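For reference, work09.pdb is printed below; it contains PDB, C-alpha atoms.
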ATOM      1  CA  THR A   1     225.450 137.066 -77.704  1.00  0.00           C
ATOM      2  CA  SER A   2     223.206 135.549 -75.012  1.00  0.00           C
ATOM      3  CA  PRO A   3     223.344 131.779 -74.354  1.00  0.00           C
ATOM      4  CA  THR A   4     219.830 131.424 -75.778  1.00  0.00           C
ATOM      5  CA  ASN A   5     220.783 133.178 -79.014  1.00  0.00           C
ATOM      6  CA  GLU A   6     223.960 131.121 -79.277  1.00  0.00           C
ATOM      7  CA  GLU A   7     221.955 127.922 -78.884  1.00  0.00           C
ATOM      8  CA  GLN A   8     219.488 128.994 -81.564  1.00  0.00           C
ATOM      9  CA  LEU A   9     222.316 129.938 -83.898  1.00  0.00           C
ATOM     10  CA  TYR A  10     224.053 126.630 -83.272  1.00  0.00           C
ATOM     11  CA  ARG A  11     220.859 124.694 -84.098  1.00  0.00           C
ATOM     12  CA  HIS A  12     220.385 126.718 -87.282  1.00  0.00           C
ATOM     13  CA  ILE A  13     223.967 126.015 -88.385  1.00  0.00           C
ATOM     14  CA  ASP A  14     223.500 122.334 -87.579  1.00  0.00           C
ATOM     15  CA  HIS A  15     220.356 122.286 -89.728  1.00  0.00           C
ATOM     16  CA  LEU A  16     222.161 123.909 -92.674  1.00  0.00           C
ATOM     17  CA  CYS A  17     225.036 121.462 -92.444  1.00  0.00           C
ATOM     18  CA  THR A  18     222.934 118.322 -92.211  1.00  0.00           C
ATOM     19  CA  THR A  19     220.068 119.141 -94.540  1.00  0.00           C
ATOM     20  CA  SER A  20     220.472 118.797 -98.290  1.00  0.00           C
ATOM     21  CA  THR A  21     219.097 121.507-100.549  1.00  0.00           C
ATOM     22  CA  ASN A  22     216.753 120.791-103.440  1.00  0.00           C
ATOM     23  CA  ASP A  23     219.061 122.603-105.850  1.00  0.00           C
ATOM     24  CA  THR A  24     221.771 120.062-106.665  1.00  0.00           C
ATOM     25  CA  ASN A  25     224.093 122.871-107.813  1.00  0.00           C
ATOM     26  CA  ILE A  26     224.090 124.525-104.398  1.00  0.00           C
ATOM     27  CA  SER A  27     225.466 123.103-101.186  1.00  0.00           C
ATOM     28  CA  SER A  28     224.195 124.741 -97.998  1.00  0.00           C
ATOM     29  CA  PRO A  29     227.432 124.022 -96.084  1.00  0.00           C
ATOM     30  CA  ASN A  30     229.450 125.396 -98.986  1.00  0.00           C
ATOM     31  CA  LEU A  31     227.423 128.619 -99.037  1.00  0.00           C
ATOM     32  CA  LEU A  32     227.627 128.861 -95.274  1.00  0.00           C
ATOM     33  CA  TYR A  33     231.393 128.508 -95.326  1.00  0.00           C
ATOM     34  CA  ASP A  34     231.799 131.052 -98.124  1.00  0.00           C
ATOM     35  CA  ASN A  35     229.547 133.565 -96.396  1.00  0.00           C
ATOM     36  CA  LEU A  36     231.388 133.064 -93.120  1.00  0.00           C
ATOM     37  CA  ARG A  37     234.684 133.640 -94.883  1.00  0.00           C
ATOM     38  CA  LYS A  38     233.372 136.908 -96.348  1.00  0.00           C
ATOM     39  CA  VAL A  39     232.188 138.140 -92.953  1.00  0.00           C
ATOM     40  CA  LEU A  40     235.485 137.246 -91.280  1.00  0.00           C
ATOM     41  CA  ASP A  41     237.402 138.793 -94.159  1.00  0.00           C
ATOM     42  CA  GLU A  42     235.572 142.095 -93.808  1.00  0.00           C
ATOM     43  CA  HIS A  43     235.804 142.131 -90.016  1.00  0.00           C
ATOM     44  CA  ILE A  44     239.536 141.419 -89.810  1.00  0.00           C
ATOM     45  CA  GLN A  45     240.313 144.106 -92.370  1.00  0.00           C
ATOM     46  CA  THR A  46     238.820 146.680 -89.960  1.00  0.00           C
ATOM     47  CA  PHE A  47     241.844 146.133 -87.684  1.00  0.00           C
ATOM     48  CA  VAL A  48     244.250 147.483 -90.282  1.00  0.00           C
ATOM     49  CA  PRO A  49     243.305 151.211 -90.216  1.00  0.00           C
ATOM     50  CA  ILE A  50     243.531 151.178 -86.410  1.00  0.00           C
ATOM     51  CA  LEU A  51     247.083 149.844 -86.557  1.00  0.00           C
ATOM     52  CA  LEU A  52     248.101 152.216 -89.357  1.00  0.00           C
ATOM     53  CA  ASN A  53     247.108 155.267 -87.311  1.00  0.00           C
ATOM     54  CA  GLU A  54     249.824 157.521 -85.932  1.00  0.00           C
ATOM     55  CA  ILE A  55     250.665 156.019 -82.539  1.00  0.00           C
ATOM     56  CA  ASN A  56     253.999 157.511 -81.546  1.00  0.00           C
ATOM     57  CA  ASP A  57     254.727 155.496 -78.421  1.00  0.00           C
ATOM     58  CA  SER A  58     255.874 152.002 -79.393  1.00  0.00           C
ATOM     59  CA  ASN A  59     254.654 150.506 -76.094  1.00  0.00           C
ATOM     60  CA  ASP A  60     251.175 151.933 -76.663  1.00  0.00           C
ATOM     61  CA  TYR A  61     251.247 150.507 -80.181  1.00  0.00           C
ATOM     62  CA  LEU A  62     252.158 147.042 -78.916  1.00  0.00           C
ATOM     63  CA  ARG A  63     249.412 147.171 -76.286  1.00  0.00           C
ATOM     64  CA  ILE A  64     246.828 148.068 -78.933  1.00  0.00           C
ATOM     65  CA  LEU A  65     248.050 145.260 -81.195  1.00  0.00           C
ATOM     66  CA  ASN A  66     247.990 142.835 -78.272  1.00  0.00           C
ATOM     67  CA  SER A  67     244.448 143.892 -77.374  1.00  0.00           C
ATOM     68  CA  ILE A  68     243.299 143.372 -80.980  1.00  0.00           C
ATOM     69  CA  TRP A  69     244.980 139.964 -81.085  1.00  0.00           C
ATOM     70  CA  ASN A  70     243.440 138.845 -77.783  1.00  0.00           C
ATOM     71  CA  ASP A  71     240.006 139.963 -78.957  1.00  0.00           C
ATOM     72  CA  HIS A  72     240.567 138.101 -82.214  1.00  0.00           C
ATOM     73  CA  ILE A  73     241.453 134.888 -80.364  1.00  0.00           C
ATOM     74  CA  ILE A  74     238.371 135.118 -78.139  1.00  0.00           C
ATOM     75  CA  ARG A  75     236.100 135.696 -81.139  1.00  0.00           C
ATOM     76  CA  SER A  76     237.810 132.938 -83.103  1.00  0.00           C
ATOM     77  CA  SER A  77     237.182 130.466 -80.282  1.00  0.00           C
ATOM     78  CA  LEU A  78     233.524 131.447 -80.088  1.00  0.00           C
ATOM     79  CA  ILE A  79     233.064 131.185 -83.852  1.00  0.00           C
ATOM     80  CA  ARG A  80     234.746 127.783 -83.909  1.00  0.00           C
ATOM     81  CA  GLN A  81     232.371 126.557 -81.202  1.00  0.00           C
ATOM     82  CA  LEU A  82     229.328 127.874 -83.038  1.00  0.00           C
ATOM     83  CA  PHE A  83     230.397 126.363 -86.353  1.00  0.00           C
ATOM     84  CA  ILE A  84     231.778 123.118 -84.984  1.00  0.00           C
ATOM     85  CA  VAL A  85     229.278 121.096 -87.028  1.00  0.00           C
ATOM     86  CA  LEU A  86     230.520 122.827 -90.192  1.00  0.00           C
ATOM     87  CA  ASP A  87     234.081 121.941 -89.169  1.00  0.00           C
ATOM     88  CA  ARG A  88     233.144 118.303 -88.596  1.00  0.00           C
ATOM     89  CA  THR A  89     231.166 117.861 -91.786  1.00  0.00           C
ATOM     90  CA  TYR A  90     231.887 120.143 -94.750  1.00  0.00           C
ATOM     91  CA  VAL A  91     235.411 121.264 -93.737  1.00  0.00           C
ATOM     92  CA  LEU A  92     236.465 117.729 -92.910  1.00  0.00           C
ATOM     93  CA  HIS A  93     235.739 116.541 -96.438  1.00  0.00           C
ATOM     94  CA  ALA A  94     236.458 119.691 -98.460  1.00  0.00           C
ATOM     95  CA  ALA A  95     239.886 121.069 -99.318  1.00  0.00           C
ATOM     96  CA  VAL A  96     239.398 124.185 -97.194  1.00  0.00           C
ATOM     97  CA  PRO A  97     240.966 125.440 -93.936  1.00  0.00           C
ATOM     98  CA  SER A  98     239.211 124.753 -90.646  1.00  0.00           C
ATOM     99  CA  ILE A  99     237.292 127.649 -89.097  1.00  0.00           C
ATOM    100  CA  TRP A 100     240.168 128.307 -86.699  1.00  0.00           C
ATOM    101  CA  GLU A 101     242.782 128.126 -89.472  1.00  0.00           C
ATOM    102  CA  LEU A 102     240.688 130.435 -91.634  1.00  0.00           C
ATOM    103  CA  ASN A 103     240.605 133.061 -88.888  1.00  0.00           C
ATOM    104  CA  GLN A 104     244.359 132.786 -88.373  1.00  0.00           C
ATOM    105  CA  ASP A 105     245.086 132.876 -92.100  1.00  0.00           C
ATOM    106  CA  LEU A 106     243.060 136.057 -92.552  1.00  0.00           C
ATOM    107  CA  PHE A 107     244.662 137.782 -89.555  1.00  0.00           C
ATOM    108  CA  ARG A 108     248.103 136.865 -90.827  1.00  0.00           C
ATOM    109  CA  ARG A 109     247.332 138.021 -94.368  1.00  0.00           C
ATOM    110  CA  TYR A 110     245.653 141.339 -93.629  1.00  0.00           C
ATOM    111  CA  VAL A 111     247.260 142.384 -90.359  1.00  0.00           C
ATOM    112  CA  MET A 112     250.670 140.818 -89.744  1.00  0.00           C
ATOM    113  CA  GLN A 113     251.774 140.589 -93.371  1.00  0.00           C
ATOM    114  CA  ASN A 114     251.187 144.309 -93.719  1.00  0.00           C
ATOM    115  CA  SER A 115     254.803 145.499 -93.755  1.00  0.00           C
ATOM    116  CA  ILE A 116     254.146 148.634 -91.703  1.00  0.00           C
ATOM    117  CA  ILE A 117     252.334 146.731 -88.947  1.00  0.00           C
ATOM    118  CA  SER A 118     254.854 143.892 -88.968  1.00  0.00           C
ATOM    119  CA  ASN A 119     257.855 146.233 -88.750  1.00  0.00           C
ATOM    120  CA  ARG A 120     256.337 148.232 -85.900  1.00  0.00           C
ATOM    121  CA  CYS A 121     255.552 145.035 -84.037  1.00  0.00           C
ATOM    122  CA  VAL A 122     259.013 143.505 -84.470  1.00  0.00           C
ATOM    123  CA  ASN A 123     260.875 146.742 -83.758  1.00  0.00           C
ATOM    124  CA  GLY A 124     258.704 147.426 -80.714  1.00  0.00           C
ATOM    125  CA  ILE A 125     259.390 144.001 -79.218  1.00  0.00           C
ATOM    126  CA  LEU A 126     263.117 144.334 -79.931  1.00  0.00           C
ATOM    127  CA  LYS A 127     263.123 147.737 -78.236  1.00  0.00           C
ATOM    128  CA  LEU A 128     261.558 146.248 -75.082  1.00  0.00           C
ATOM    129  CA  ILE A 129     264.109 143.427 -75.043  1.00  0.00           C
ATOM    130  CA  GLU A 130     266.920 145.956 -75.480  1.00  0.00           C
ATOM    131  CA  GLN A 131     265.543 148.016 -72.587  1.00  0.00           C
ATOM    132  CA  GLU A 132     265.442 144.953 -70.351  1.00  0.00           C
ATOM    133  CA  ARG A 133     269.001 144.063 -71.310  1.00  0.00           C
ATOM    134  CA  ARG A 134     269.988 147.538 -70.115  1.00  0.00           C
ATOM    135  CA  GLY A 135     268.430 146.786 -66.751  1.00  0.00           C
ATOM    136  CA  GLU A 136     265.092 148.545 -67.216  1.00  0.00           C
ATOM    137  CA  THR A 137     261.792 147.038 -66.075  1.00  0.00           C
ATOM    138  CA  VAL A 138     259.560 146.065 -68.992  1.00  0.00           C
ATOM    139  CA  ASP A 139     256.202 144.367 -69.487  1.00  0.00           C
ATOM    140  CA  ARG A 140     257.301 140.772 -69.985  1.00  0.00           C
ATOM    141  CA  SER A 141     253.750 139.516 -70.400  1.00  0.00           C
ATOM    142  CA  LEU A 142     253.274 141.889 -73.352  1.00  0.00           C
ATOM    143  CA  ILE A 143     256.442 140.582 -75.003  1.00  0.00           C
ATOM    144  CA  ARG A 144     255.427 136.986 -74.302  1.00  0.00           C
ATOM    145  CA  ASN A 145     251.924 137.444 -75.756  1.00  0.00           C
ATOM    146  CA  LEU A 146     253.136 139.070 -78.957  1.00  0.00           C
ATOM    147  CA  ILE A 147     255.893 136.513 -79.501  1.00  0.00           C
ATOM    148  CA  ARG A 148     253.289 133.789 -78.959  1.00  0.00           C
ATOM    149  CA  MET A 149     251.157 135.518 -81.607  1.00  0.00           C
ATOM    150  CA  LEU A 150     254.039 135.457 -84.094  1.00  0.00           C
ATOM    151  CA  ILE A 151     254.641 131.774 -83.354  1.00  0.00           C
ATOM    152  CA  ASP A 152     250.953 130.905 -83.727  1.00  0.00           C
ATOM    153  CA  LEU A 153     250.808 132.752 -87.055  1.00  0.00           C
ATOM    154  CA  HIS A 154     253.984 130.970 -88.257  1.00  0.00           C
ATOM    155  CA  LEU A 155     255.808 134.292 -88.603  1.00  0.00           C
ATOM    156  CA  TYR A 156     258.340 134.006 -85.785  1.00  0.00           C
ATOM    157  CA  ARG A 157     261.094 132.255 -87.736  1.00  0.00           C
ATOM    158  CA  LYS A 158     260.853 134.502 -90.790  1.00  0.00           C
ATOM    159  CA  ASP A 159     259.881 137.901 -89.413  1.00  0.00           C
ATOM    160  CA  PHE A 160     261.234 138.052 -85.867  1.00  0.00           C
ATOM    161  CA  GLU A 161     264.012 135.586 -85.057  1.00  0.00           C
ATOM    162  CA  PRO A 162     266.588 136.876 -87.607  1.00  0.00           C
ATOM    163  CA  SER A 163     266.203 140.453 -86.295  1.00  0.00           C
ATOM    164  CA  LEU A 164     266.430 139.257 -82.697  1.00  0.00           C
ATOM    165  CA  LEU A 165     269.630 137.310 -83.325  1.00  0.00           C
ATOM    166  CA  GLN A 166     271.152 140.189 -85.283  1.00  0.00           C
ATOM    167  CA  SER A 167     270.420 142.713 -82.521  1.00  0.00           C
ATOM    168  CA  THR A 168     271.712 140.267 -79.899  1.00  0.00           C
ATOM    169  CA  GLU A 169     275.008 139.736 -81.710  1.00  0.00           C
ATOM    170  CA  GLN A 170     275.444 143.466 -82.247  1.00  0.00           C
ATOM    171  CA  LEU A 171     274.784 144.264 -78.580  1.00  0.00           C
ATOM    172  CA  TYR A 172     277.236 141.735 -77.187  1.00  0.00           C
ATOM    173  CA  HIS A 173     279.831 142.493 -79.841  1.00  0.00           C
ATOM    174  CA  ASN A 174     279.841 146.180 -78.870  1.00  0.00           C
ATOM    175  CA  GLU A 175     279.553 145.487 -75.150  1.00  0.00           C
ATOM    176  CA  GLY A 176     282.353 142.926 -75.250  1.00  0.00           C
ATOM    177  CA  ARG A 177     284.751 145.217 -77.100  1.00  0.00           C
ATOM    178  CA  GLN A 178     284.122 147.957 -74.556  1.00  0.00           C
ATOM    179  CA  LEU A 179     284.344 145.858 -71.384  1.00  0.00           C
ATOM    180  CA  ILE A 180     287.432 143.858 -72.379  1.00  0.00           C
ATOM    181  CA  GLN A 181     289.352 147.141 -72.294  1.00  0.00           C
ATOM    182  CA  THR A 182     288.373 147.942 -68.705  1.00  0.00           C
ATOM    183  CA  LEU A 183     287.833 144.629 -66.885  1.00  0.00           C
ATOM    184  CA  GLU A 184     290.202 141.932 -65.716  1.00  0.00           C
ATOM    185  CA  ILE A 185     289.762 138.610 -67.526  1.00  0.00           C
ATOM    186  CA  SER A 186     288.108 137.006 -64.480  1.00  0.00           C
ATOM    187  CA  GLN A 187     285.715 139.960 -64.141  1.00  0.00           C
ATOM    188  CA  TYR A 188     284.913 139.821 -67.829  1.00  0.00           C
ATOM    189  CA  LEU A 189     284.143 136.093 -67.709  1.00  0.00           C
ATOM    190  CA  THR A 190     281.927 136.640 -64.662  1.00  0.00           C
ATOM    191  CA  HIS A 191     280.066 139.319 -66.627  1.00  0.00           C
ATOM    192  CA  VAL A 192     279.628 136.943 -69.604  1.00  0.00           C
ATOM    193  CA  GLU A 193     278.220 134.225 -67.334  1.00  0.00           C
ATOM    194  CA  ARG A 194     275.750 136.701 -65.868  1.00  0.00           C
ATOM    195  CA  ARG A 195     274.651 137.727 -69.345  1.00  0.00           C
ATOM    196  CA  LEU A 196     274.182 134.085 -70.314  1.00  0.00           C
ATOM    197  CA  ARG A 197     271.977 133.514 -67.260  1.00  0.00           C
ATOM    198  CA  GLU A 198     269.924 136.569 -68.184  1.00  0.00           C
ATOM    199  CA  GLU A 199     269.416 135.280 -71.724  1.00  0.00           C
ATOM    200  CA  GLN A 200     268.381 131.885 -70.343  1.00  0.00           C
ATOM    201  CA  ALA A 201     265.785 133.676 -68.207  1.00  0.00           C
ATOM    202  CA  ARG A 202     264.445 135.383 -71.338  1.00  0.00           C
ATOM    203  CA  LEU A 203     264.203 132.034 -73.097  1.00  0.00           C
ATOM    204  CA  THR A 204     262.238 130.736 -70.126  1.00  0.00           C
ATOM    205  CA  ASN A 205     259.987 133.770 -69.855  1.00  0.00           C
ATOM    206  CA  TYR A 206     259.135 134.837 -73.380  1.00  0.00           C
ATOM    207  CA  ILE A 207     261.545 133.960 -76.201  1.00  0.00           C
ATOM    208  CA  ASP A 208     261.022 130.735 -78.149  1.00  0.00           C
ATOM    209  CA  GLN A 209     263.172 128.027 -76.572  1.00  0.00           C
ATOM    210  CA  SER A 210     264.880 127.071 -79.841  1.00  0.00           C
ATOM    211  CA  THR A 211     266.200 130.590 -80.498  1.00  0.00           C
ATOM    212  CA  LYS A 212     270.003 130.699 -80.224  1.00  0.00           C
ATOM    213  CA  VAL A 213     270.323 133.932 -78.230  1.00  0.00           C
ATOM    214  CA  GLN A 214     272.769 132.402 -75.774  1.00  0.00           C
ATOM    215  CA  HIS A 215     274.893 131.185 -78.671  1.00  0.00           C
ATOM    216  CA  SER A 216     274.950 134.732 -80.072  1.00  0.00           C
ATOM    217  CA  CYS A 217     275.887 136.120 -76.670  1.00  0.00           C
ATOM    218  CA  ARG A 218     278.680 133.583 -76.148  1.00  0.00           C
ATOM    219  CA  LYS A 219     280.008 133.883 -79.714  1.00  0.00           C
ATOM    220  CA  ARG A 220     280.272 137.665 -79.631  1.00  0.00           C
ATOM    221  CA  SER A 221     281.696 137.715 -76.104  1.00  0.00           C
ATOM    222  CA  ASN A 222     284.386 135.169 -77.082  1.00  0.00           C
ATOM    223  CA  PHE A 223     285.103 137.172 -80.220  1.00  0.00           C
ATOM    224  CA  SER A 224     285.834 140.224 -78.081  1.00  0.00           C
ATOM    225  CA  LEU A 225     287.975 138.170 -75.750  1.00  0.00           C
ATOM    226  CA  ASN A 226     290.038 136.753 -78.621  1.00  0.00           C
ATOM    227  CA  SER A 227     290.348 139.946 -80.631  1.00  0.00           C
TER     228      SER A 227
END
Give the structure from this file in structure tokens form.
Amino acid sequence: TSPTNEEQLYRHIDHLCTTSTNDTNISSPNLLYDNLRKVLDEHIQTFVPILLNEINDSNDYLRILNSIWNDHIIRSSLIRQLFIVLDRTYVLHAAVPSIWELNQDLFRRYVMQNSIISNRCVNGILKLIEQERRGETVDRSLIRNLIRMLIDLHLYRKDFEPSLLQSTEQLYHNEGRQLIQTLEISQYLTHVERRLREEQARLTNYIDQSTKVQHSCRKRSNFSLNS
């Protein structure tokens, strides 16, 4: 949309939000909000078939999801700017989500609460984290963006964190049992400290700071040491 068209659209929206209609049973802002919701609803549902297509490589799948999310955020910001008068008038006084919240709610409902999409997203991120823990180079920015998406959509705690902590405990449980058989105690403790520093780096780079990955690492490592 050109700046001129955006300005014209903004003025038209402002007119609808500030001008009363003759029909007392119809509110222009109410109709505008409902129509906007329908358009957003239809548009966001078009993402679903793309993400349900057969995409064998999990990294490619995550990149496509990340691209869709980034595009969604850009469009959501533009729409919020265009409809800011609606947000400040009708939305402010009606029991409805803000334009931004509406966009996020619809993306969460249609895209990330689809079990197939959600599972592929979570499993793909966990696979990248596992690869990095094995010493492989991974796209940290991709992990960070998708985790940020889950946090923004209020899905991190429910859909991602439990799986992350479970996979972390399993990894360090198995690793600890194996290494305690071959390493001296001092070597083993040095290895545990290195792992803890690595997990701290992940917290700094892309995992939510409140996630107890270091606790899981330390607990399972100590379990192996004491068993």
- Item | Residues matched by the PyMOL selection byres ((chain A and resi 139) around 12), written as a PyMOL selection string | chain A and resi 59-60+62-63+124-125+127-129+131-132+136-138+140-146+205-206
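Every protein or nucleic acid residue with an atom no more than 9 Å from range 30-40 of chain A, counting only C-alpha atoms and leaving out same-chain residues fewer than 4 positions away, appears here: Ile13, Leu16, Cys17, Ile26, Ile44, Gln45, Leu86, Tyr90, Val91, Ile99, Leu102, Asn103 and Leu106 of chain A.
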- Enumerate, as a PyMOL selection string, the residues matched when the PyMOL selection byres ((chain A and resi 164) around 12) is run on the file above. chain A and resi 122-130+147+156-163+165-171+207-208+211-214+216-217
- Item | Pick from A:Thr89, A:Ser77, A:Asn114, A:Gln8 nearest to Leu51 in chain A, counting all atoms listed in the file | A:Asn114
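Note that the spacing between CA of Arg88 in chain A and CA of Phe47 in chain A amounts to 29.2 Å.
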Could you give me the centre and size, in Å to one decimal, of an axis-aligned box around all listed atoms of range 91-97 of chain A with 5 Å added on every side, as AutoDock Vina command-line options?
--center_x 238.2 --center_y 121.0 --center_z -96.1 --size_x 15.6 --size_y 18.9 --size_z 16.4
- What separates CA of Arg108 in chain A and CA of Trp69 in chain A is a distance of 10.7 Å
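You can rank A:Asn5, A:Gln187, A:Asn70, A:Asn119 by their closest distance to Ser58 in chain A using all atoms listed in the file, and at the top of that list sits A:Asn119.
Pairwise distance (CA of Leu203 in chain A, CA of Ile151 in chain A) equals 14.0 Å.
Of the listed residues A:Arg197, A:Gln104, A:Asn174, A:Thr190, the one whose atoms come nearest to Arg75 in chain A is A:Gln104, with distances taken using only C-alpha atoms.
Of the residues under consideration (A:Leu189, A:Ile73, A:Leu52, A:Ile180), A:Ile73 shows the shortest atom-to-atom contact distance to Phe107 in chain A when counting only C-alpha atoms.
Counting all atoms listed in the file, the residue from A:Ile55, A:Leu155, A:Ile50, A:Leu179 that sits nearest to Asp105 in chain A is A:Leu155.
Closest approach to Ile84 in chain A among A:Ser115, A:Pro29, A:Asp57, A:His72 is made by A:Pro29 (distances from only C-alpha atoms).
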